[in-house]
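**Student:** Sharing run.txt here; it has compact mmCIF, C-alpha atoms.
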```txt
# COMPACT_ATOMS: atom_id res chain seq x y z
CA MET I 1 -60.95 27.12 -50.93
CA ASN I 2 -62.97 24.11 -51.90
CA ALA I 3 -66.57 23.63 -50.79
CA TYR I 4 -65.61 21.64 -47.67
CA GLU I 5 -63.06 24.20 -46.56
CA GLN I 6 -65.64 26.97 -46.94
CA ILE I 7 -67.91 25.41 -44.32
CA ALA I 8 -67.55 27.10 -40.92
CA ILE I 9 -68.89 26.10 -37.52
CA GLY I 10 -71.79 28.41 -36.80
CA ASP I 11 -72.93 28.73 -40.43
CA VAL I 12 -76.70 29.09 -40.50
CA HIS I 13 -79.07 27.71 -43.14
CA VAL I 14 -82.77 28.56 -43.18
CA PHE I 15 -84.46 25.64 -44.91
CA GLY I 16 -87.92 27.21 -45.07
CA SER I 17 -91.37 26.78 -43.56
CA HIS I 18 -94.17 24.27 -43.76
CA SER I 19 -97.83 24.77 -42.94
CA PHE I 20 -99.22 21.59 -41.32
CA THR I 21 -102.85 20.67 -42.02
CA ALA I 22 -105.07 18.11 -40.30
CA ASP I 23 -105.41 16.23 -43.58
CA GLN I 24 -101.65 15.87 -44.02
CA MET I 25 -101.30 14.70 -40.42
CA LYS I 26 -104.00 12.07 -40.77
CA ARG I 27 -102.70 10.83 -44.11
CA PHE I 28 -99.19 10.34 -42.69
CA ALA I 29 -100.53 8.79 -39.50
CA ALA I 30 -102.85 6.35 -41.28
CA ARG I 31 -99.83 4.93 -43.04
CA TYR I 32 -97.05 5.14 -40.48
CA ASP I 33 -98.29 6.08 -37.01
CA PRO I 34 -101.99 5.33 -36.46
CA GLN I 35 -102.19 6.40 -32.82
CA TYR I 36 -105.52 8.09 -32.07
CA PHE I 37 -104.00 11.49 -31.26
CA HIS I 38 -102.64 11.64 -34.83
CA LEU I 39 -105.92 10.51 -36.45
CA ASP I 40 -109.03 11.48 -34.54
CA GLU I 41 -109.71 15.11 -33.49
CA ALA I 42 -112.38 14.33 -30.91
CA ALA I 43 -110.46 11.57 -29.17
CA ALA I 44 -107.20 13.55 -29.37
CA LYS I 45 -108.75 16.41 -27.39
CA LYS I 46 -108.93 14.11 -24.38
CA SER I 47 -105.33 12.93 -24.80
CA TYR I 48 -102.29 14.09 -22.89
CA LEU I 49 -101.18 15.95 -26.03
CA GLY I 50 -104.32 18.11 -25.99
CA GLY I 51 -105.50 17.71 -29.57
CA LEU I 52 -104.84 16.22 -32.97
CA CYS I 53 -101.12 16.63 -33.65
CA ALA I 54 -98.53 15.52 -36.19
CA SER I 55 -96.63 12.28 -35.73
CA GLY I 56 -93.10 13.16 -34.69
CA TRP I 57 -91.83 11.28 -37.74
CA HIS I 58 -94.09 13.39 -39.94
CA THR I 59 -92.46 16.54 -38.53
CA ALA I 60 -89.00 15.03 -39.02
CA SER I 61 -89.80 13.96 -42.59
CA VAL I 62 -91.12 17.42 -43.47
CA MET I 63 -87.84 18.85 -42.15
CA MET I 64 -85.89 16.49 -44.44
CA GLY I 65 -87.98 17.53 -47.45
CA LEU I 66 -87.20 21.18 -46.82
CA LEU I 67 -83.52 20.40 -46.20
CA VAL I 68 -83.10 18.54 -49.50
CA ARG I 69 -84.87 21.23 -51.53
CA TYR I 70 -82.85 23.96 -49.82
CA PHE I 71 -79.49 22.33 -50.53
CA ASP I 72 -80.55 21.47 -54.10
CA ALA I 73 -81.29 25.15 -54.69
CA ARG I 74 -77.96 26.17 -53.13
CA GLU I 75 -76.16 23.68 -55.31
CA ALA I 76 -77.83 25.01 -58.45
CA GLU I 77 -76.82 28.55 -57.47
CA ALA I 78 -73.22 27.48 -56.89
CA ARG I 79 -73.05 25.69 -60.24
CA ALA I 80 -74.53 28.69 -62.03
CA ALA I 81 -71.97 30.96 -60.38
CA GLY I 82 -69.10 28.58 -61.17
CA GLU I 83 -68.43 28.08 -57.46
CA PRO I 84 -67.34 24.81 -55.86
CA VAL I 85 -70.11 22.34 -55.08
CA LEU I 86 -70.16 20.26 -51.92
CA VAL I 87 -70.44 16.54 -52.57
CA SER I 88 -72.15 14.82 -49.69
CA GLY I 89 -72.61 11.16 -48.86
CA PRO I 90 -75.05 9.25 -46.68
CA SER I 91 -75.88 9.95 -43.06
CA PRO I 92 -74.79 7.55 -40.33
CA GLY I 93 -77.54 8.85 -38.04
CA PHE I 94 -78.53 11.56 -35.62
CA ASP I 95 -78.46 12.48 -31.93
CA ASP I 96 -80.64 14.35 -29.45
CA LEU I 97 -83.85 14.54 -31.40
CA ARG I 98 -86.49 16.31 -29.32
CA TRP I 99 -90.17 16.61 -30.06
CA ALA I 100 -90.31 19.61 -27.75
CA ASN I 101 -93.98 20.50 -28.28
CA PRO I 102 -96.84 19.09 -30.36
CA VAL I 103 -97.45 20.43 -33.89
CA PHE I 104 -101.16 21.16 -34.32
CA PRO I 105 -103.17 21.78 -37.52
CA GLY I 106 -102.56 25.30 -38.79
CA ASP I 107 -99.09 25.50 -37.28
CA VAL I 108 -96.40 26.92 -39.57
CA VAL I 109 -93.00 25.52 -38.65
CA THR I 110 -89.77 27.14 -39.85
CA PHE I 111 -86.67 24.91 -39.86
CA THR I 112 -83.23 26.47 -39.40
CA ALA I 113 -79.90 24.61 -39.21
CA ARG I 114 -76.61 25.58 -37.67
CA ILE I 115 -73.33 23.80 -38.43
CA VAL I 116 -72.05 22.45 -35.10
CA GLY I 117 -69.32 19.99 -36.09
CA LYS I 118 -66.86 19.28 -38.88
CA ARG I 119 -64.13 16.67 -38.78
CA THR I 120 -62.28 14.44 -41.18
CA SER I 121 -63.35 10.81 -41.16
CA LYS I 122 -60.80 8.27 -39.92
CA SER I 123 -62.60 5.35 -41.51
CA ARG I 124 -63.19 6.96 -44.91
CA PRO I 125 -60.22 8.85 -46.35
CA GLY I 126 -61.27 11.82 -48.44
CA TRP I 127 -64.47 12.27 -46.50
CA GLY I 128 -65.45 14.39 -43.54
CA LEU I 129 -68.33 14.20 -41.13
CA LEU I 130 -70.47 17.30 -40.92
CA SER I 131 -72.91 17.79 -38.03
CA MET I 132 -75.73 20.28 -37.89
CA THR I 133 -78.40 21.10 -35.37
CA THR I 134 -81.75 21.84 -36.96
CA THR I 135 -84.49 23.53 -34.99
CA GLY I 136 -88.17 23.77 -35.93
CA VAL I 137 -89.94 26.83 -34.52
CA LYS I 138 -93.62 27.53 -34.97
CA GLN I 139 -95.34 30.85 -35.64
CA THR I 140 -95.70 31.56 -31.93
CA GLY I 141 -91.94 31.28 -31.41
CA GLU I 142 -92.32 27.96 -29.60
CA VAL I 143 -89.70 25.33 -30.42
CA VAL I 144 -91.34 22.11 -31.59
CA PHE I 145 -88.43 20.09 -32.96
CA VAL I 146 -84.65 19.84 -32.56
CA VAL I 147 -82.21 17.32 -34.02
CA THR I 148 -78.46 17.04 -34.59
CA THR I 149 -77.83 15.12 -37.80
CA HIS I 150 -74.54 13.91 -39.24
CA ALA I 151 -73.58 13.42 -42.88
CA PHE I 152 -70.49 12.41 -44.83
CA VAL I 153 -69.14 15.10 -47.17
CA GLU I 154 -66.13 15.01 -49.49
CA THR I 155 -63.15 16.91 -48.17
CA GLY I 156 -61.12 16.98 -51.38
CA ASP I 157 -61.26 19.46 -54.20
CA ALA I 158 -64.74 19.91 -55.49
CA ILE I 159 -65.63 17.28 -58.02
CA VAL I 160 -68.34 18.35 -60.43
CA ARG I 161 -70.04 15.14 -61.44
CA GLU I 162 -72.72 15.58 -64.01
CA GLU I 163 -74.17 12.16 -63.34
CA ALA I 164 -73.58 11.99 -59.60
CA LYS I 165 -75.73 14.25 -57.55
CA PRO I 166 -74.66 14.95 -53.97
CA ARG I 167 -75.75 12.39 -51.42
CA ARG I 168 -77.01 13.42 -48.09
CA GLY I 169 -78.36 10.19 -46.72
CA MET O 1 -108.86 -0.30 -21.54
CA PRO O 2 -105.41 -0.68 -23.09
CA LYS O 3 -103.46 -3.80 -22.35
CA ARG O 4 -100.26 -2.06 -21.20
CA TYR O 5 -99.74 0.82 -18.81
CA PHE O 6 -96.50 2.27 -17.43
CA GLU O 7 -96.59 -0.21 -14.54
CA ASP O 8 -96.44 -3.12 -16.98
CA PHE O 9 -92.95 -2.30 -18.28
CA ALA O 10 -89.82 -3.69 -16.65
CA VAL O 11 -86.14 -3.35 -17.49
CA GLY O 12 -84.95 -6.17 -19.74
CA GLN O 13 -88.35 -6.92 -21.30
CA ILE O 14 -88.08 -7.64 -25.01
CA PHE O 15 -90.91 -7.13 -27.48
CA GLU O 16 -90.72 -8.76 -30.90
CA LEU O 17 -92.47 -6.55 -33.45
CA PRO O 18 -94.34 -7.51 -36.63
CA ASP O 19 -92.79 -7.30 -40.09
CA VAL O 20 -93.29 -5.30 -43.26
CA ALA O 21 -92.26 -5.70 -46.88
CA VAL O 22 -90.80 -2.62 -48.57
CA SER O 23 -91.62 -2.13 -52.23
CA ARG O 24 -89.93 0.02 -54.83
CA GLU O 25 -93.15 2.05 -55.10
CA ASP O 26 -93.24 2.66 -51.33
CA ILE O 27 -89.65 3.92 -51.36
CA ILE O 28 -90.22 6.30 -54.26
CA GLU O 29 -93.55 7.57 -52.98
CA PHE O 30 -92.08 8.51 -49.61
CA SER O 31 -88.97 10.05 -51.17
CA ARG O 32 -90.86 12.21 -53.67
CA GLN O 33 -92.53 13.96 -50.78
CA PHE O 34 -89.97 13.92 -48.01
CA ASP O 35 -86.48 13.11 -49.28
CA PRO O 36 -86.13 13.70 -53.04
CA GLN O 37 -82.48 12.76 -53.40
CA ILE O 38 -81.63 10.83 -56.55
CA PHE O 39 -80.65 7.59 -54.78
CA HIS O 40 -84.06 7.53 -53.05
CA LEU O 41 -85.89 8.05 -56.36
CA ARG O 42 -84.11 6.17 -59.13
CA ASP O 43 -82.80 2.68 -59.67
CA GLU O 44 -79.92 3.66 -61.90
CA THR O 45 -77.94 5.77 -59.47
CA PRO O 46 -74.16 5.76 -59.81
CA ILE O 47 -72.16 3.27 -57.78
CA THR O 48 -70.00 5.10 -55.27
CA GLU O 49 -67.94 3.84 -52.37
CA PHE O 50 -71.15 3.99 -50.33
CA GLY O 51 -72.93 1.64 -52.73
CA GLY O 52 -75.41 2.30 -55.49
CA GLY O 53 -78.95 1.70 -56.61
CA LEU O 54 -82.26 2.69 -55.09
CA ILE O 55 -82.31 2.84 -51.28
CA ALA O 56 -85.02 3.94 -48.86
CA SER O 57 -84.74 7.28 -47.09
CA GLY O 58 -83.58 6.87 -43.51
CA TRP O 59 -86.65 8.82 -42.43
CA HIS O 60 -88.81 6.35 -44.32
CA VAL O 61 -87.19 3.53 -42.35
CA CYS O 62 -87.95 5.45 -39.15
CA SER O 63 -91.57 5.81 -40.22
CA LEU O 64 -91.85 2.13 -41.15
CA PHE O 65 -90.37 1.24 -37.79
CA MET O 66 -92.92 3.46 -36.06
CA ARG O 67 -95.72 1.49 -37.70
CA LEU O 68 -94.22 -1.79 -36.44
CA LEU O 69 -93.92 -0.33 -32.94
CA ASP O 70 -97.53 0.89 -33.04
CA ASP O 71 -98.89 -2.41 -34.31
CA GLY O 72 -96.71 -4.52 -32.04
CA LEU O 73 -96.88 -2.51 -28.83
CA LEU O 74 -98.21 1.04 -28.67
CA LEU O 75 -101.73 0.80 -30.08
CA ASP O 76 -102.76 -1.45 -27.22
CA SER O 77 -101.09 0.71 -24.57
CA SER O 78 -101.57 3.99 -22.71
CA CYS O 79 -98.88 5.65 -24.88
CA ALA O 80 -98.94 9.44 -24.46
CA GLY O 81 -96.29 10.44 -27.00
CA SER O 82 -92.52 10.68 -26.92
CA PRO O 83 -90.13 13.44 -25.89
CA GLY O 84 -87.57 12.35 -28.48
CA VAL O 85 -84.75 10.06 -29.62
CA GLU O 86 -81.39 10.08 -27.88
CA HIS O 87 -79.38 8.40 -30.65
CA LEU O 88 -80.18 6.80 -33.97
CA LYS O 89 -77.88 4.94 -36.34
CA TRP O 90 -78.68 3.97 -39.93
CA GLN O 91 -76.44 0.93 -40.30
CA HIS O 92 -77.50 -0.87 -43.45
CA ALA O 93 -79.34 0.38 -46.55
CA VAL O 94 -82.97 -0.70 -47.08
CA ARG O 95 -83.72 -1.72 -50.66
CA PRO O 96 -86.80 -2.68 -52.70
CA GLY O 97 -88.01 -6.14 -51.75
CA ASP O 98 -86.51 -6.02 -48.27
CA HIS O 99 -88.53 -7.49 -45.46
CA LEU O 100 -88.11 -5.62 -42.18
CA THR O 101 -88.87 -6.65 -38.65
CA GLY O 102 -88.15 -5.08 -35.31
CA ARG O 103 -87.37 -5.76 -31.70
CA THR O 104 -87.36 -3.45 -28.74
CA THR O 105 -85.83 -3.81 -25.29
CA VAL O 106 -86.81 -1.88 -22.17
CA MET O 107 -83.72 -0.08 -20.83
CA GLU O 108 -85.18 1.99 -18.01
CA THR O 109 -88.48 2.99 -16.42
CA ARG O 110 -88.80 6.16 -14.40
CA ALA O 111 -91.14 8.78 -12.98
CA TRP O 112 -92.18 11.78 -15.03
CA GLN O 113 -92.96 15.33 -13.92
CA ASP O 114 -96.66 14.64 -14.47
CA ALA O 115 -97.62 12.01 -11.86
CA LYS O 116 -100.22 10.53 -14.25
CA LEU O 117 -97.41 9.42 -16.57
CA GLY O 118 -94.20 7.45 -16.50
CA LEU O 119 -91.28 7.34 -18.91
CA VAL O 120 -89.93 4.15 -20.50
CA ARG O 121 -86.60 4.19 -22.35
CA PHE O 122 -86.33 1.63 -25.15
CA HIS O 123 -83.53 0.35 -27.35
CA HIS O 124 -85.12 -0.33 -30.74
CA GLU O 125 -83.59 -2.42 -33.51
CA ILE O 126 -84.80 -3.10 -37.04
CA PHE O 127 -83.50 -5.98 -39.12
CA ASN O 128 -83.82 -7.07 -42.74
CA GLN O 129 -84.57 -10.58 -44.03
CA HIS O 130 -80.87 -11.49 -43.74
CA ARG O 131 -80.93 -10.49 -40.03
CA GLU O 132 -78.67 -7.56 -40.83
CA ARG O 133 -79.44 -4.67 -38.52
CA THR O 134 -80.52 -1.74 -40.68
CA MET O 135 -81.20 0.74 -37.88
CA MET O 136 -81.09 1.13 -34.13
CA MET O 137 -82.20 3.88 -31.79
CA ASP O 138 -82.61 4.80 -28.15
CA ASN O 139 -86.00 6.40 -27.61
CA ALA O 140 -88.08 7.35 -24.58
CA ILE O 141 -91.87 7.00 -24.61
CA LEU O 142 -94.43 8.29 -22.09
CA PHE O 143 -97.18 6.01 -20.83
CA GLY O 144 -100.19 6.69 -18.67
CA ARG O 145 -100.17 4.98 -15.29
CA ARG O 146 -102.91 2.71 -14.01
CA SER O 147 -102.87 4.76 -10.87
CA PRO O 148 -101.01 8.07 -10.30
CA ALA O 149 -97.55 7.88 -8.74
```
Give the structure from this file in structure tokens form.

**Tutor:**
Amino acid sequence: MNAYEQIAIGDVHVFGSHSFTADQMKRFAARYDPQYFHLDEAAAKKSYLGGLCASGWHTASVMMGLLVRYFDAREAEARAAGEPVLVSGPSPGFDDLRWANPVFPGDVVTFTARIVGKRTSKSRPGWGLLSMTTTGVKQTGEVVFVVTTHAFVETGDAIVREEAKPRRG
Amino acid sequence: MPKRYFEDFAVGQIFELPDVAVSREDIIEFSRQFDPQIFHLRDETPITEFGGGLIASGWHVCSLFMRLLDDGLLLDSSCAGSPGVEHLKWQHAVRPGDHLTGRTTVMETRAWQDAKLGLVRFHHEIFNQHRERTMMMDNAILFGRRSPA
């Protein structure tokens, strides 16, 4: 079986964990989302969110960082073992992103993905569309983040391209 | 007091957002931290059927859009966060030197479980300097009310 054929609905991938600090939150917010509840502890305490918390896009971006490093490591393992490598393309988007609860300084969020969809692309022969639902859970067990992302992956026999790294959008 | 509360939003309202230039350095800096795939880090990526060359991470485009939405609308409002994004499509790659601007349309306003807040559903769009739409999303945002429901 090639790498695409090996993918099964229900496959689980644990990307890893990230410990969020107030400094990281403020640095991201100053650049991309300067709302007071992402920048100012004292003012944030009086906000609806209850305290300084990460921008939702910060949480999403941290998830992506863990995802990329996880799949890079998996790819290196597969290459080392002489196993087929999945070649992935860009992402057309995502659905049902939920910022279920705020992420506060000191929270450690673990991101885990489950494959929820796999179909061949009608518009792009040789490619399939893979969907996965990734959930971020913090140390208390509370869900903070959920998203279902989609990405193009090659359906054909594994092509090992030295120069072309997989693309995941 | 903020300029806009929940009561100030109405279906069909359109807000034109400010614009931002995207540099090669911005793209690489974001990608190093959050999306270190080769085509978000290097200029000389292979040309594939999906295109080639350095492109911004989709999550970077989301973050840049957020800044436009903050500067154009949310910072002078009673915004109380967002429960999420219903759908998002990345439709056109963002490249170094691109100039992005945004527009958002109010799709729905409705009550929220907390009577101090209301929910506004927006359809956001972000365009490049050629008026190509690079991204669109449907996103709900909570706003404080002037007076409780």

**Student:** Find the residue from O:Arg121, O:Arg103, O:Lys116, O:Arg95 that sits nearest to Asp19 (chain O); use only C-alpha atoms when measuring.

**Tutor:** O:Arg103

**Student:** Set the cut-off to 6 Å and count all atoms listed in the file: what are the residues of chain O that reach chain I? Output as number ranges by chain.

**Tutor:** O: 34-35, 63, 67, 80, 83-90

**Student:** Just write the chosen residues, C-alpha atoms, as a short mmCIF file (atom, residue, chain, number, x, y, z; two decimals), in the coordinates of the input.

**Tutor:**
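Once written, out_38.cif looks like this:
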```cif
data_model
loop_
_atom_site.label_atom_id
_atom_site.label_comp_id
_atom_site.auth_asym_id
_atom_site.auth_seq_id
_atom_site.Cartn_x
_atom_site.Cartn_y
_atom_site.Cartn_z
CA PHE O 34 -89.97 13.92 -48.01
CA ASP O 35 -86.48 13.11 -49.28
CA SER O 63 -91.57 5.81 -40.22
CA ARG O 67 -95.72 1.49 -37.70
CA ALA O 80 -98.94 9.44 -24.46
CA PRO O 83 -90.13 13.44 -25.89
CA GLY O 84 -87.57 12.35 -28.48
CA VAL O 85 -84.75 10.06 -29.62
CA GLU O 86 -81.39 10.08 -27.88
CA HIS O 87 -79.38 8.40 -30.65
CA LEU O 88 -80.18 6.80 -33.97
CA LYS O 89 -77.88 4.94 -36.34
CA TRP O 90 -78.68 3.97 -39.93
#
```

**Student:** Quick one: residues within 7 Å of Phe104 (chain I), all atoms listed in the file, excluding same-chain residues fewer than 6 positions away - as a ChimeraX atom specification?

**Tutor:** /I:52-54

**Student:** So the first atom is CA of Ile14 (chain O) and the second is CA of Ala44 (chain I); what is the distance between them in Å, to one decimal place?

**Tutor:** 28.9 Å

**Student:** With distances taken over only C-alpha atoms, which residue among O:His99, O:His92, O:Arg146, O:Arg42 lies nearest Phe9 (chain O)?

**Tutor:**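 Of O:His99, O:His92, O:Arg146, O:Arg42, the one nearest Phe9 (chain O) is O:Arg146, counting only C-alpha atoms.
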
**Student:** Would you pick out the contacts of Leu142 (chain O) at 9 Å or less, using all atoms listed in the file, so that residues sharing its chain but fewer than 5 positions from it are not included, and give the list as a list in words?

**Tutor:**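 Within the cut-off, the hits are Phe6, Ser78, Cys79, Ala80, Gly81, Ser82, Pro83, Trp112, Leu117, Gly118, Leu119, Val120 and Arg121 of chain O.
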
**Student:** Under the rule that only C-alpha atoms are counted, which of O:Pro18, O:Gly97, O:Pro2, O:Gly144 is the nearest residue to His130 (chain O)?

**Tutor:** O:Gly97

**Student:** Quick one: of I:Lys138, I:Arg114, I:Lys26, I:Lys45, who's nearest to Val12 (chain I), counting all atoms listed in the file?

**Tutor:**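 Closest to Val12 (chain I) of all the choices is I:Arg114.
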